[in-house]
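Chemist: So that you have it, the file is start-v5.txt, and it contains compact mmCIF, C-alpha atoms and all ligand atoms:
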# COMPACT_ATOMS: atom_id res chain seq x y z
CA MET A 1 28.23 -6.42 -20.71
CA ALA A 2 26.87 -2.92 -21.14
CA LEU A 3 24.37 -2.27 -23.90
CA THR A 4 25.28 -0.19 -26.94
CA GLY A 5 25.20 3.52 -26.04
CA LYS A 6 23.17 6.24 -27.75
CA PRO A 7 24.24 6.61 -31.41
CA GLU A 8 25.51 9.98 -32.57
CA GLU A 9 22.93 12.48 -33.83
CA THR A 10 24.28 13.35 -37.30
CA PRO A 11 22.47 16.03 -39.38
CA GLU A 12 21.20 13.33 -41.76
CA ARG A 13 19.83 11.29 -38.89
CA LEU A 14 18.19 14.30 -37.23
CA ALA A 15 16.56 15.29 -40.51
CA PHE A 16 15.25 11.75 -40.86
CA TYR A 17 13.88 11.76 -37.30
CA GLU A 18 12.05 15.01 -38.03
CA LYS A 19 10.59 13.60 -41.23
CA ILE A 20 9.21 10.47 -39.60
CA ASP A 21 8.10 12.45 -36.52
CA GLU A 22 5.28 13.96 -38.59
CA HIS A 23 4.08 10.43 -39.20
CA ALA A 24 4.00 9.60 -35.50
CA MET A 25 7.13 7.45 -35.66
CA THR A 26 10.43 7.64 -33.82
CA PRO A 27 13.70 5.66 -33.90
CA LEU A 28 14.19 3.15 -31.10
CA TRP A 29 17.97 3.67 -31.05
CA ALA A 30 17.51 7.28 -29.89
CA VAL A 31 15.52 6.19 -26.82
CA PHE A 32 16.53 2.57 -26.17
CA SER A 33 18.71 3.29 -23.13
CA ASP A 34 15.97 5.47 -21.57
CA ILE A 35 13.19 2.89 -21.86
CA ILE A 36 15.05 -0.40 -21.42
CA THR A 37 17.30 0.36 -18.48
CA PRO A 38 19.85 -2.06 -17.02
CA GLU A 39 18.32 -1.43 -13.59
CA PRO A 40 15.07 0.13 -12.35
CA LYS A 41 15.17 3.88 -12.90
CA SER A 42 12.42 5.69 -11.07
CA GLY A 43 11.22 9.14 -10.11
CA CYS A 44 10.15 7.63 -6.80
CA GLN A 45 12.22 9.02 -3.92
CA PRO A 46 12.72 7.78 -0.37
CA HIS A 47 10.59 9.94 1.92
CA LEU A 48 9.02 10.03 5.38
CA TRP A 49 5.83 11.78 6.47
CA ARG A 50 5.58 12.58 10.19
CA TYR A 51 2.23 11.43 11.47
CA ASP A 52 1.83 14.29 13.97
CA LYS A 53 2.09 16.90 11.21
CA ALA A 54 -0.14 14.96 8.82
CA ARG A 55 -2.76 14.50 11.55
CA GLU A 56 -2.74 18.23 12.28
CA PHE A 57 -3.42 19.04 8.60
CA LEU A 58 -6.04 16.33 8.36
CA LEU A 59 -7.95 17.68 11.38
CA GLU A 60 -7.68 21.16 9.90
CA SER A 61 -9.24 19.85 6.67
CA GLY A 62 -12.13 18.63 8.84
CA GLY A 63 -13.10 22.28 9.35
CA LEU A 64 -13.05 22.97 5.61
CA ILE A 65 -15.10 20.18 4.08
CA THR A 66 -17.35 17.31 5.17
CA ALA A 67 -16.71 13.70 4.24
CA LYS A 68 -19.94 13.75 2.23
CA GLU A 69 -19.06 16.82 0.19
CA ALA A 70 -15.53 15.55 -0.41
CA GLU A 71 -16.77 11.99 -1.23
CA ARG A 72 -13.67 10.97 0.75
CA ARG A 73 -11.87 13.46 3.00
CA VAL A 74 -8.34 12.37 2.27
CA LEU A 75 -4.95 14.05 2.12
CA ILE A 76 -2.86 12.26 -0.48
CA LEU A 77 0.74 11.41 0.37
CA GLU A 78 2.53 12.31 -2.85
CA ASN A 79 6.01 11.13 -3.50
CA PRO A 80 8.21 14.28 -3.71
CA GLY A 81 9.75 12.91 -6.91
CA MET A 82 6.36 12.48 -8.57
CA ARG A 83 4.25 15.44 -7.47
CA GLY A 84 0.89 16.03 -9.11
CA SER A 85 0.13 12.44 -10.00
CA SER A 86 -1.28 11.00 -6.74
CA GLN A 87 1.46 8.37 -6.46
CA ILE A 88 3.42 7.39 -3.36
CA THR A 89 5.28 4.88 -5.53
CA THR A 90 5.10 4.51 -9.29
CA SER A 91 2.35 1.90 -9.00
CA LEU A 92 0.60 2.72 -5.72
CA TYR A 93 -1.35 5.44 -3.98
CA ALA A 94 -1.46 6.40 -0.30
CA GLY A 95 -3.71 8.84 1.54
CA LEU A 96 -4.79 9.63 5.08
CA GLN A 97 -8.55 9.62 5.53
CA LEU A 98 -10.51 11.39 8.27
CA VAL A 99 -14.06 10.50 9.27
CA LEU A 100 -15.42 12.75 12.02
CA PRO A 101 -18.10 11.73 14.55
CA ASP A 102 -21.54 11.32 12.92
CA GLU A 103 -20.18 11.56 9.40
CA VAL A 104 -20.69 9.18 6.51
CA ALA A 105 -18.35 8.81 3.54
CA PRO A 106 -21.01 7.81 0.98
CA ALA A 107 -21.28 4.37 -0.62
CA HIS A 108 -19.53 3.95 -3.94
CA ARG A 109 -17.60 1.34 -5.87
CA HIS A 110 -14.68 1.36 -8.26
CA SER A 111 -12.27 -0.90 -10.11
CA GLN A 112 -9.47 0.12 -7.77
CA SER A 113 -8.72 -2.08 -4.74
CA ALA A 114 -8.22 -0.39 -1.40
CA LEU A 115 -6.66 -1.30 1.89
CA ARG A 116 -7.18 0.62 5.11
CA PHE A 117 -4.70 0.57 7.94
CA VAL A 118 -6.23 2.10 11.06
CA LEU A 119 -4.15 4.73 12.88
CA ASP A 120 -6.43 6.76 15.17
CA GLY A 121 -9.81 6.32 16.82
CA ALA A 122 -11.66 3.15 17.68
CA GLY A 123 -14.97 1.77 16.58
CA ALA A 124 -15.82 3.71 13.43
CA HIS A 125 -16.96 1.35 10.70
CA THR A 126 -16.64 0.50 7.08
CA SER A 127 -19.20 -1.56 5.20
CA VAL A 128 -18.25 -3.87 2.35
CA ASN A 129 -20.57 -6.23 0.50
CA GLY A 130 -23.41 -5.83 3.00
CA GLU A 131 -21.30 -6.37 6.12
CA ARG A 132 -20.11 -3.78 8.57
CA THR A 133 -16.83 -3.99 10.48
CA ASN A 134 -15.81 -1.82 13.41
CA MET A 135 -12.22 -0.73 13.09
CA GLN A 136 -9.54 -0.61 15.77
CA PHE A 137 -5.94 0.57 15.77
CA GLY A 138 -3.75 -1.52 13.46
CA ASP A 139 -6.59 -3.36 11.76
CA PHE A 140 -5.92 -4.12 8.12
CA VAL A 141 -9.15 -3.81 6.16
CA ILE A 142 -9.75 -4.67 2.49
CA THR A 143 -12.11 -3.18 -0.05
CA PRO A 144 -11.95 -5.61 -3.00
CA PRO A 145 -12.20 -4.25 -6.56
CA GLY A 146 -15.77 -3.43 -7.56
CA ALA A 147 -17.22 -3.81 -4.04
CA TRP A 148 -19.68 -1.22 -2.67
CA HIS A 149 -18.17 0.48 0.36
CA ASP A 150 -19.07 3.31 2.72
CA HIS A 151 -17.51 4.49 5.95
CA GLY A 152 -19.21 5.91 9.04
CA ASN A 153 -18.31 7.06 12.51
CA HIS A 154 -20.80 6.72 15.36
CA THR A 155 -18.13 7.21 18.02
CA ASP A 156 -17.22 10.54 19.60
CA GLU A 157 -13.64 10.58 18.31
CA PRO A 158 -12.19 11.39 14.89
CA MET A 159 -11.16 8.26 13.00
CA ILE A 160 -8.04 8.31 10.84
CA TRP A 161 -6.64 5.57 8.68
CA LEU A 162 -4.12 5.12 5.91
CA ASP A 163 -5.63 4.28 2.52
CA GLY A 164 -3.51 2.23 0.13
CA LEU A 165 -4.94 1.88 -3.36
CA ASP A 166 -3.78 0.58 -6.73
CA ILE A 167 -4.95 3.78 -8.49
CA PRO A 168 -1.77 4.14 -10.62
CA ILE A 169 -1.93 0.47 -11.71
CA VAL A 170 -5.57 0.76 -12.79
CA GLY A 171 -4.75 4.05 -14.50
CA PHE A 172 -1.82 2.48 -16.34
CA PHE A 173 -4.18 -0.15 -17.77
CA ASP A 174 -6.90 2.44 -18.54
CA ALA A 175 -9.34 0.23 -16.69
CA SER A 176 -11.04 2.60 -14.24
CA PHE A 177 -14.79 2.44 -13.63
CA ALA A 178 -16.53 4.08 -10.68
CA GLU A 179 -20.08 4.83 -9.58
CA GLY A 180 -21.99 6.14 -6.59
CA TYR A 181 -24.70 4.20 -4.77
CA VAL A 182 -28.30 5.47 -4.71
CA ALA A 183 -28.10 6.06 -0.95
CA ASP A 184 -25.35 7.24 1.43
CA GLU A 185 -25.11 3.81 3.00
CA GLN A 186 -25.47 0.38 1.48
CA PRO A 187 -27.98 -2.04 3.04
CA ILE A 188 -26.51 -4.28 5.72
CA ASN A 189 -27.56 -7.90 5.36
CA ARG A 190 -24.81 -9.77 7.19
CA GLN A 191 -23.94 -9.81 10.89
CA THR A 192 -20.83 -7.93 11.95
CA GLY A 193 -18.01 -10.46 12.30
CA ASP A 194 -19.66 -13.00 9.97
CA SER A 195 -16.92 -13.13 7.34
CA PHE A 196 -14.14 -13.36 9.94
CA ALA A 197 -15.95 -16.23 11.66
CA ARG A 198 -16.45 -18.05 8.36
CA TYR A 199 -13.00 -17.53 6.88
CA GLY A 200 -10.70 -16.35 9.67
CA ALA A 201 -10.65 -19.38 11.96
CA ASN A 202 -8.59 -21.83 9.87
CA MET A 203 -11.80 -23.32 8.51
CA LEU A 204 -13.85 -22.73 5.38
CA PRO A 205 -17.52 -23.37 4.71
CA VAL A 206 -17.54 -26.96 3.41
CA ASP A 207 -18.61 -26.14 -0.14
CA HIS A 208 -16.84 -22.80 -0.47
CA LYS A 209 -15.80 -22.01 -4.03
CA GLN A 210 -13.35 -19.23 -4.68
CA ASP A 211 -15.15 -16.85 -6.98
CA LYS A 212 -13.28 -13.64 -6.22
CA LEU A 213 -9.66 -12.57 -6.45
CA ALA A 214 -9.60 -10.87 -3.06
CA SER A 215 -9.70 -12.56 0.33
CA PRO A 216 -13.19 -13.23 1.75
CA ILE A 217 -11.88 -11.81 5.05
CA PHE A 218 -12.12 -8.05 4.95
CA ASN A 219 -10.87 -7.12 8.40
CA TYR A 220 -7.65 -8.70 9.67
CA PRO A 221 -7.71 -7.47 13.29
CA TYR A 222 -4.42 -6.16 14.66
CA ALA A 223 -5.03 -7.96 17.94
CA ARG A 224 -4.87 -11.33 16.15
CA SER A 225 -1.90 -10.54 13.90
CA ARG A 226 0.03 -9.00 16.78
CA GLU A 227 -0.71 -11.98 19.00
CA ALA A 228 0.73 -14.27 16.32
CA LEU A 229 3.93 -12.23 16.10
CA GLU A 230 4.20 -12.24 19.89
CA ALA A 231 3.93 -16.03 20.01
CA MET A 232 6.47 -16.53 17.20
CA LYS A 233 8.88 -14.14 18.85
CA ALA A 234 9.64 -16.72 21.55
CA GLN A 235 11.32 -18.91 18.93
CA GLN A 236 14.01 -16.24 18.40
CA GLU A 237 14.28 -17.03 14.68
CA TRP A 238 15.11 -13.86 12.86
CA ASP A 239 15.48 -13.41 9.13
CA PRO A 240 18.62 -11.28 8.65
CA CYS A 241 16.85 -8.93 6.20
CA HIS A 242 13.37 -8.82 7.75
CA GLY A 243 13.42 -9.86 11.40
CA LEU A 244 10.11 -11.66 11.62
CA LYS A 245 7.99 -10.80 8.59
CA MET A 246 4.60 -12.24 7.72
CA ARG A 247 2.32 -11.65 4.75
CA TYR A 248 -1.46 -11.35 4.95
CA VAL A 249 -3.06 -14.17 2.97
CA ASN A 250 -6.30 -15.17 1.34
CA PRO A 251 -7.27 -18.19 3.49
CA VAL A 252 -8.93 -19.90 0.54
CA ASP A 253 -5.70 -20.56 -1.36
CA GLY A 254 -2.86 -19.16 0.72
CA GLY A 255 -2.25 -16.54 -1.96
CA TRP A 256 -2.06 -12.83 -1.31
CA ALA A 257 -5.01 -11.14 0.41
CA MET A 258 -5.51 -8.73 -2.51
CA PRO A 259 -5.05 -9.08 -6.29
CA THR A 260 -2.71 -6.11 -6.78
CA ILE A 261 -1.45 -5.01 -3.36
CA ALA A 262 0.76 -7.13 -1.10
CA PRO A 263 0.40 -6.36 2.64
CA PHE A 264 2.86 -7.41 5.36
CA LEU A 265 3.36 -7.18 9.12
CA GLN A 266 6.79 -7.57 10.70
CA LEU A 267 8.45 -7.45 14.09
CA LEU A 268 11.98 -6.31 14.78
CA PRO A 269 13.31 -7.13 18.25
CA LYS A 270 14.84 -4.37 20.33
CA GLY A 271 18.28 -3.45 19.00
CA PHE A 272 17.91 -5.54 15.82
CA LYS A 273 19.65 -4.25 12.72
CA THR A 274 18.52 -5.79 9.44
CA ALA A 275 20.98 -6.69 6.70
CA ALA A 276 20.86 -4.64 3.51
CA TYR A 277 18.02 -5.65 1.19
CA ARG A 278 16.59 -4.40 -2.06
CA SER A 279 13.67 -5.52 -4.19
CA THR A 280 11.73 -4.33 -7.21
CA ASP A 281 8.58 -3.70 -5.16
CA ALA A 282 8.72 -0.14 -3.84
CA THR A 283 7.23 -0.38 -0.36
CA VAL A 284 5.22 1.87 1.95
CA PHE A 285 5.96 1.27 5.66
CA VAL A 286 3.94 2.29 8.72
CA PRO A 287 5.41 1.46 12.13
CA THR A 288 2.72 0.71 14.71
CA GLU A 289 4.98 0.26 17.72
CA GLY A 290 8.51 1.22 18.64
CA ARG A 291 11.07 3.65 17.34
CA GLY A 292 13.92 3.13 14.98
CA ARG A 293 15.60 4.28 11.83
CA SER A 294 15.80 3.08 8.27
CA THR A 295 18.63 3.83 5.91
CA ILE A 296 17.31 4.03 2.38
CA ASP A 297 19.75 4.59 -0.48
CA GLY A 298 22.15 6.09 2.08
CA GLN A 299 19.59 8.49 3.59
CA VAL A 300 18.64 8.00 7.25
CA PHE A 301 15.00 8.31 8.32
CA GLU A 302 14.13 8.24 12.02
CA TRP A 303 10.67 6.87 12.67
CA GLY A 304 8.15 6.33 15.41
CA PRO A 305 4.61 4.96 15.57
CA LYS A 306 2.29 5.97 12.68
CA ASP A 307 4.95 7.77 10.64
CA ILE A 308 4.82 6.72 7.01
CA PHE A 309 7.87 6.15 4.86
CA VAL A 310 8.54 4.84 1.40
CA VAL A 311 11.37 2.71 0.02
CA PRO A 312 11.67 2.97 -3.78
CA SER A 313 12.27 0.04 -6.10
CA TRP A 314 15.77 -1.44 -6.03
CA LYS A 315 17.14 0.97 -3.41
CA TRP A 316 19.09 -0.64 -0.58
CA VAL A 317 17.36 -0.45 2.76
CA HIS A 318 18.23 -1.54 6.26
CA HIS A 319 16.21 -1.00 9.40
CA GLU A 320 17.35 -0.58 12.99
CA ALA A 321 14.91 -1.00 15.86
CA GLU A 322 15.68 1.04 18.94
CA ASP A 323 12.84 -0.59 20.87
CA GLU A 324 10.93 -3.66 19.80
CA ALA A 325 9.19 -2.43 16.67
CA VAL A 326 6.24 -3.57 14.59
CA LEU A 327 5.84 -2.38 11.01
CA PHE A 328 2.96 -2.73 8.61
CA SER A 329 3.89 -2.38 4.95
CA TYR A 330 2.44 -2.76 1.47
CA SER A 331 3.79 -2.98 -2.06
CA ASP A 332 2.84 -4.18 -5.54
CA ARG A 333 4.75 -7.48 -5.07
CA VAL A 334 1.69 -9.60 -5.83
CA ALA A 335 1.19 -7.89 -9.20
CA GLN A 336 4.88 -8.14 -10.08
CA GLN A 337 4.96 -11.82 -9.17
CA LYS A 338 1.96 -12.54 -11.39
CA LEU A 339 3.73 -10.77 -14.26
CA GLY A 340 7.07 -12.47 -13.63
CA LEU A 341 8.79 -9.21 -12.72
CA PHE A 342 9.55 -9.45 -9.01
CA LYS A 343 13.22 -9.57 -8.08
CA GLU A 344 14.99 -9.23 -4.74
CA ASP A 345 18.58 -8.98 -3.62
CA ARG A 346 19.50 -10.04 -0.09
CA GLY A 347 22.99 -8.60 -0.31
CA ASN A 348 25.41 -10.78 1.60
CA SER A 349 22.83 -12.48 3.78
O1 LIG B 1 -12.35 5.25 0.87
O2 LIG B 1 -13.20 4.62 -1.01
O3 LIG B 1 -8.09 7.44 -0.34
O4 LIG B 1 -12.39 5.74 -3.18
C1 LIG B 1 -9.20 7.24 -2.41
C2 LIG B 1 -10.29 6.81 -3.11
C3 LIG B 1 -10.17 6.38 -0.40
C4 LIG B 1 -12.34 5.22 -0.37
C5 LIG B 1 -9.15 7.03 -1.05
C6 LIG B 1 -11.33 6.15 -2.47
C7 LIG B 1 -11.26 5.93 -1.10
Output the structure of this file as structure tokens.
Ligand code: GTQ

Modeler:
Amino acid sequence: MALTGKPEETPERLAFYEKIDEHAMTPLWAVFSDIITPEPKSGCQPHLWRYDKAREFLLESGGLITAKEAERRVLILENPGMRGSSQITTSLYAGLQLVLPDEVAPAHRHSQSALRFVLDGAGAHTSVNGERTNMQFGDFVITPPGAWHDHGNHTDEPMIWLDGLDIPIVGFFDASFAEGYVADEQPINRQTGDSFARYGANMLPVDHKQDKLASPIFNYPYARSREALEAMKAQQEWDPCHGLKMRYVNPVDGGWAMPTIAPFLQLLPKGFKTAAYRSTDATVFVPTEGRGRSTIDGQVFEWGPKDIFVVPSWKWVHHEAEDEAVLFSYSDRVAQQKLGLFKEDRGNS
């Protein structure tokens, strides 16, 4: 049944509202239907950013400012329905970061969690908690909340990756702390590859205790994730709504890899058309391979590798893969699940 509508605004009522307004009070019945909606109501719009255009602007920004002066040389992808607030969805942030050869993006730390998804270049590095990782196309890299991190590029190519952060979530809770490190780069005291060897081989150090919310793996190499999808493909078991969709996990407990951001990798076979699906976690997608189109709330978006598109909360989406396609995506599903808010609708499938 529908809720009661907005009550009439009689002169007596309006006068009363004005009187209490001066005392910082307001009647619920005048706003109830705006704040407790029967379905998600969001400013977030479906949108697609073409990678070629974004890359062109990003490289142009490389001539305007250094990574050091900028702290991070990033162009934010702002949802057209929420301009000016650094949001790609209501709860998440996205940006494209450029690190040019011989540059350093100086060490800092903050409450916000970050993921990197590598789009261009090979071999530039990020350092987290005293370990350096060299990044390749499609690698999914985590900066846990509060961890020192700096990025550097000792290759001769520009390096570009997508940054996904929980900036709006941390802002919503008024819980942001940030500080710079005393030097541009943090000291390195672990061998490159150490954390992946310890935690990424279906084993754990015998006495490992989980003391952090984020995964102890901080680089999930594309080569490994892609290889897994390739092997599973042979089984020909497709989820009607998702094709073959996997989530990146924390190997310690099988939970999500990050405390606030849920990352996924999925494969759609050539010609596959997913059934309509909607969920409360607005999702940012980045195809890594293949071409296709996604219909979001009735709007069609054609995509190819490295384009970035966003599906708002509770909007119907279906994907069609022209060639075999692989898509990385991230949403706030992990946070919603912890708060008991996540809901999905698989339509007729
Ligand atoms: O690389 O640490 O896109 O702190 C926004 C804020 C990237 C980063 C962003 C950040 C970073």

Chemist: Taking all atoms listed in the file into account, name the residue in A:Phe177, A:Tyr51, A:Phe32, A:Tyr93 that is nearest to ligand LIG 1 (chain B).

Modeler: A:Tyr93

Chemist: Could you please determine the separation between atom CA of A:His149 and atom O4 of ligand LIG 1 (chain B) in Å, to one decimal place?

Modeler: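 Answer for the atom CA of A:His149 to atom O4 of ligand LIG 1 (chain B) separation: 8.6 Å.
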
Chemist: Have a look at atom CA of A:Gly123 and atom CA of A:Tyr220 and let me know their distance in Å, one decimal.

Modeler: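 If I compute the distance from atom CA of A:Gly123 to atom CA of A:Tyr220, I get 14.5 Å.
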
Chemist: Which residues are near ligand LIG 1 (chain B) in this structure, taking near to mean any atom at most 10 Å from a ligand atom and counting only C-alpha atoms and all ligand atoms? Format them as a ChimeraX atom specification.

Modeler: /A:71-77,86,93-98,105-116,126,143,147-151,161-167,178

Chemist: Please return, as a list in words, all polymer residues that have at least one atom within 10 Å of the point (-17.4, 16.4, 4.4); use all atoms listed in the file and the file's own coordinate frame.

Modeler: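 Checking each residue against the 10 Å limit leaves Ser61, Gly62, Gly63, Leu64, Ile65, Thr66, Ala67, Lys68, Glu69, Ala70, Glu71, Arg72, Arg73, Leu98, Val99, Leu100, Glu103, Val104, Ala105 and Pro106 of chain A.
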
Chemist: My list of candidates is A:Asp156, A:Pro251, A:Ile169, A:Lys245. Which is closest to A:Ala201 when distances are computed with all atoms listed in the file?

Modeler: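 Counting all atoms listed in the file, the residue closest to A:Ala201 is A:Pro251.
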
Chemist: Using only C-alpha atoms, can you tell me which of A:Ala275, A:Val182, A:Ile261, A:Ala197 comes closest to A:Ile217?

Modeler: A:Ala197

Chemist: Can you report as JSON the centre and edge lengths in Å, to one decimal, of an axis-aligned box around the listed atoms of stretch 274-279 of chain A padded with 3 Å on each side?

Modeler:
{"center_x": 17.3, "center_y": -5.5, "center_z": 2.6, "size_x": 13.3, "size_y": 8.3, "size_z": 19.6}

Chemist: Applying 12 Å and only C-alpha atoms, which residues near A:Lys233 remain after dropping the ones on its own chain fewer than 2 positions away? List them as a ChimeraX atom specification.

Modeler: /A:226-231,235-239,243-245,266-270,324-326

Chemist: So, with all atoms listed in the file as the atoms that count, which of A:Asn129, A:Thr274, A:Thr155, A:Thr192 lies closest to A:Arg293?

Modeler: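 Of all the options, A:Thr274 lies closest to A:Arg293.
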
Chemist: Stretch 5-20 of chain A: which residues within 10 Å, counting only C-alpha atoms, same-chain residues fewer than 5 positions away excluded, as a VMD selection string?

Modeler: chain A and resid 25 to 27 29 to 34

Chemist: Can you measure atom CA of A:Pro40 to atom CA of A:Met82 for me? One decimal in Å is fine.

Modeler: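 Computing it gives 15.6 Å between the two atoms.
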
Chemist: Near A:Pro187, counting only C-alpha atoms, which residues have an atom at most 10 Å away, once you skip same-chain residues fewer than 6 positions from it, shown as an mmCIF file with C-alpha atoms, in the coordinates of the input?

Modeler:
data_model
loop_
_atom_site.group_PDB
_atom_site.id
_atom_site.type_symbol
_atom_site.label_atom_id
_atom_site.label_comp_id
_atom_site.auth_asym_id
_atom_site.auth_seq_id
_atom_site.Cartn_x
_atom_site.Cartn_y
_atom_site.Cartn_z
ATOM 1 C CA ALA A 107 -21.280 4.370 -0.620
ATOM 2 C CA SER A 127 -19.200 -1.560 5.200
ATOM 3 C CA VAL A 128 -18.250 -3.870 2.350
ATOM 4 C CA ASN A 129 -20.570 -6.230 0.500
ATOM 5 C CA GLY A 130 -23.410 -5.830 3.000
ATOM 6 C CA GLU A 131 -21.300 -6.370 6.120
ATOM 7 C CA ARG A 132 -20.110 -3.780 8.570
#

Chemist: List the neighbours of A:Ser279 out to 12 Å using all atoms listed in the file; skip same-chain residues closer than 6 positions along the sequence, and give me the result as a list in words.

Modeler: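 Selected residues are Glu39, Pro40, Cys241, Val311, Pro312, Ser313, Trp314, Lys315, Trp316, Val317, Ser331, Asp332, Arg333, Gln336, Gln337, Leu341, Phe342, Lys343, Glu344, Asp345, Arg346 and Gly347 of chain A.
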
Chemist: Starting from the incomplete input, reconstruct all heavy atoms of stretch 178-185 of chain A and write that as a PDB file, in the coordinates of the input.

Modeler:
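The resulting file, selection-v3.pdb, is reproduced below:
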ATOM      1  N   ALA A 178     -16.089   3.722 -12.033  1.00  0.00           N
ATOM      2  CA  ALA A 178     -16.530   4.080 -10.680  1.00  0.00           C
ATOM      3  C   ALA A 178     -17.958   4.563 -10.719  1.00  0.00           C
ATOM      4  O   ALA A 178     -18.396   5.165 -11.714  1.00  0.00           O
ATOM      5  CB  ALA A 178     -15.628   5.183 -10.123  1.00  0.00           C
ATOM      6  N   GLU A 179     -18.724   4.291  -9.678  1.00  0.00           N
ATOM      7  CA  GLU A 179     -20.080   4.830  -9.580  1.00  0.00           C
ATOM      8  C   GLU A 179     -20.500   4.984  -8.131  1.00  0.00           C
ATOM      9  O   GLU A 179     -19.990   4.301  -7.243  1.00  0.00           O
ATOM     10  CB  GLU A 179     -21.090   3.937 -10.329  1.00  0.00           C
ATOM     11  CG  GLU A 179     -21.193   2.535  -9.784  1.00  0.00           C
ATOM     12  CD  GLU A 179     -22.214   1.663 -10.537  1.00  0.00           C
ATOM     13  OE1 GLU A 179     -23.274   2.170 -10.913  1.00  0.00           O
ATOM     14  OE2 GLU A 179     -21.910   0.467 -10.704  1.00  0.00           O
ATOM     15  N   GLY A 180     -21.442   5.915  -7.929  1.00  0.00           N
ATOM     16  CA  GLY A 180     -21.990   6.140  -6.590  1.00  0.00           C
ATOM     17  C   GLY A 180     -23.210   5.265  -6.382  1.00  0.00           C
ATOM     18  O   GLY A 180     -23.874   4.866  -7.348  1.00  0.00           O
ATOM     19  N   TYR A 181     -23.508   4.986  -5.123  1.00  0.00           N
ATOM     20  CA  TYR A 181     -24.700   4.200  -4.770  1.00  0.00           C
ATOM     21  C   TYR A 181     -25.881   5.161  -4.668  1.00  0.00           C
ATOM     22  O   TYR A 181     -25.700   6.364  -4.510  1.00  0.00           O
ATOM     23  CB  TYR A 181     -24.439   3.481  -3.437  1.00  0.00           C
ATOM     24  CG  TYR A 181     -25.459   2.423  -3.103  1.00  0.00           C
ATOM     25  CD1 TYR A 181     -25.566   1.268  -3.872  1.00  0.00           C
ATOM     26  CD2 TYR A 181     -26.312   2.580  -2.000  1.00  0.00           C
ATOM     27  CE1 TYR A 181     -26.505   0.290  -3.554  1.00  0.00           C
ATOM     28  CE2 TYR A 181     -27.245   1.609  -1.680  1.00  0.00           C
ATOM     29  CZ  TYR A 181     -27.344   0.472  -2.459  1.00  0.00           C
ATOM     30  OH  TYR A 181     -28.260  -0.484  -2.144  1.00  0.00           O
ATOM     31  N   VAL A 182     -27.102   4.619  -4.763  1.00  0.00           N
ATOM     32  CA  VAL A 182     -28.300   5.470  -4.710  1.00  0.00           C
ATOM     33  C   VAL A 182     -28.518   6.108  -3.334  1.00  0.00           C
ATOM     34  O   VAL A 182     -29.216   7.109  -3.219  1.00  0.00           O
ATOM     35  CB  VAL A 182     -29.580   4.693  -5.100  1.00  0.00           C
ATOM     36  CG1 VAL A 182     -29.596   4.401  -6.591  1.00  0.00           C
ATOM     37  CG2 VAL A 182     -29.698   3.396  -4.289  1.00  0.00           C
ATOM     38  N   ALA A 183     -27.948   5.506  -2.301  1.00  0.00           N
ATOM     39  CA  ALA A 183     -28.100   6.060  -0.950  1.00  0.00           C
ATOM     40  C   ALA A 183     -26.715   6.260  -0.345  1.00  0.00           C
ATOM     41  O   ALA A 183     -25.722   5.756  -0.875  1.00  0.00           O
ATOM     42  CB  ALA A 183     -28.903   5.086  -0.085  1.00  0.00           C
ATOM     43  N   ASP A 184     -26.653   7.000   0.778  1.00  0.00           N
ATOM     44  CA  ASP A 184     -25.350   7.240   1.430  1.00  0.00           C
ATOM     45  C   ASP A 184     -24.742   5.940   1.944  1.00  0.00           C
ATOM     46  O   ASP A 184     -23.527   5.772   1.924  1.00  0.00           O
ATOM     47  CB  ASP A 184     -25.522   8.194   2.627  1.00  0.00           C
ATOM     48  CG  ASP A 184     -25.575   9.642   2.176  1.00  0.00           C
ATOM     49  OD1 ASP A 184     -25.378   9.894   0.963  1.00  0.00           O
ATOM     50  OD2 ASP A 184     -25.828  10.507   3.016  1.00  0.00           O
ATOM     51  N   GLU A 185     -25.627   5.055   2.447  1.00  0.00           N
ATOM     52  CA  GLU A 185     -25.110   3.810   3.000  1.00  0.00           C
ATOM     53  C   GLU A 185     -25.727   2.618   2.300  1.00  0.00           C
ATOM     54  O   GLU A 185     -26.911   2.636   1.957  1.00  0.00           O
ATOM     55  CB  GLU A 185     -25.396   3.735   4.514  1.00  0.00           C
ATOM     56  CG  GLU A 185     -24.657   4.817   5.292  1.00  0.00           C
ATOM     57  CD  GLU A 185     -24.868   4.719   6.793  1.00  0.00           C
ATOM     58  OE1 GLU A 185     -25.940   5.139   7.269  1.00  0.00           O
ATOM     59  OE2 GLU A 185     -23.962   4.214   7.471  1.00  0.00           O
TER      60      GLU A 185
END
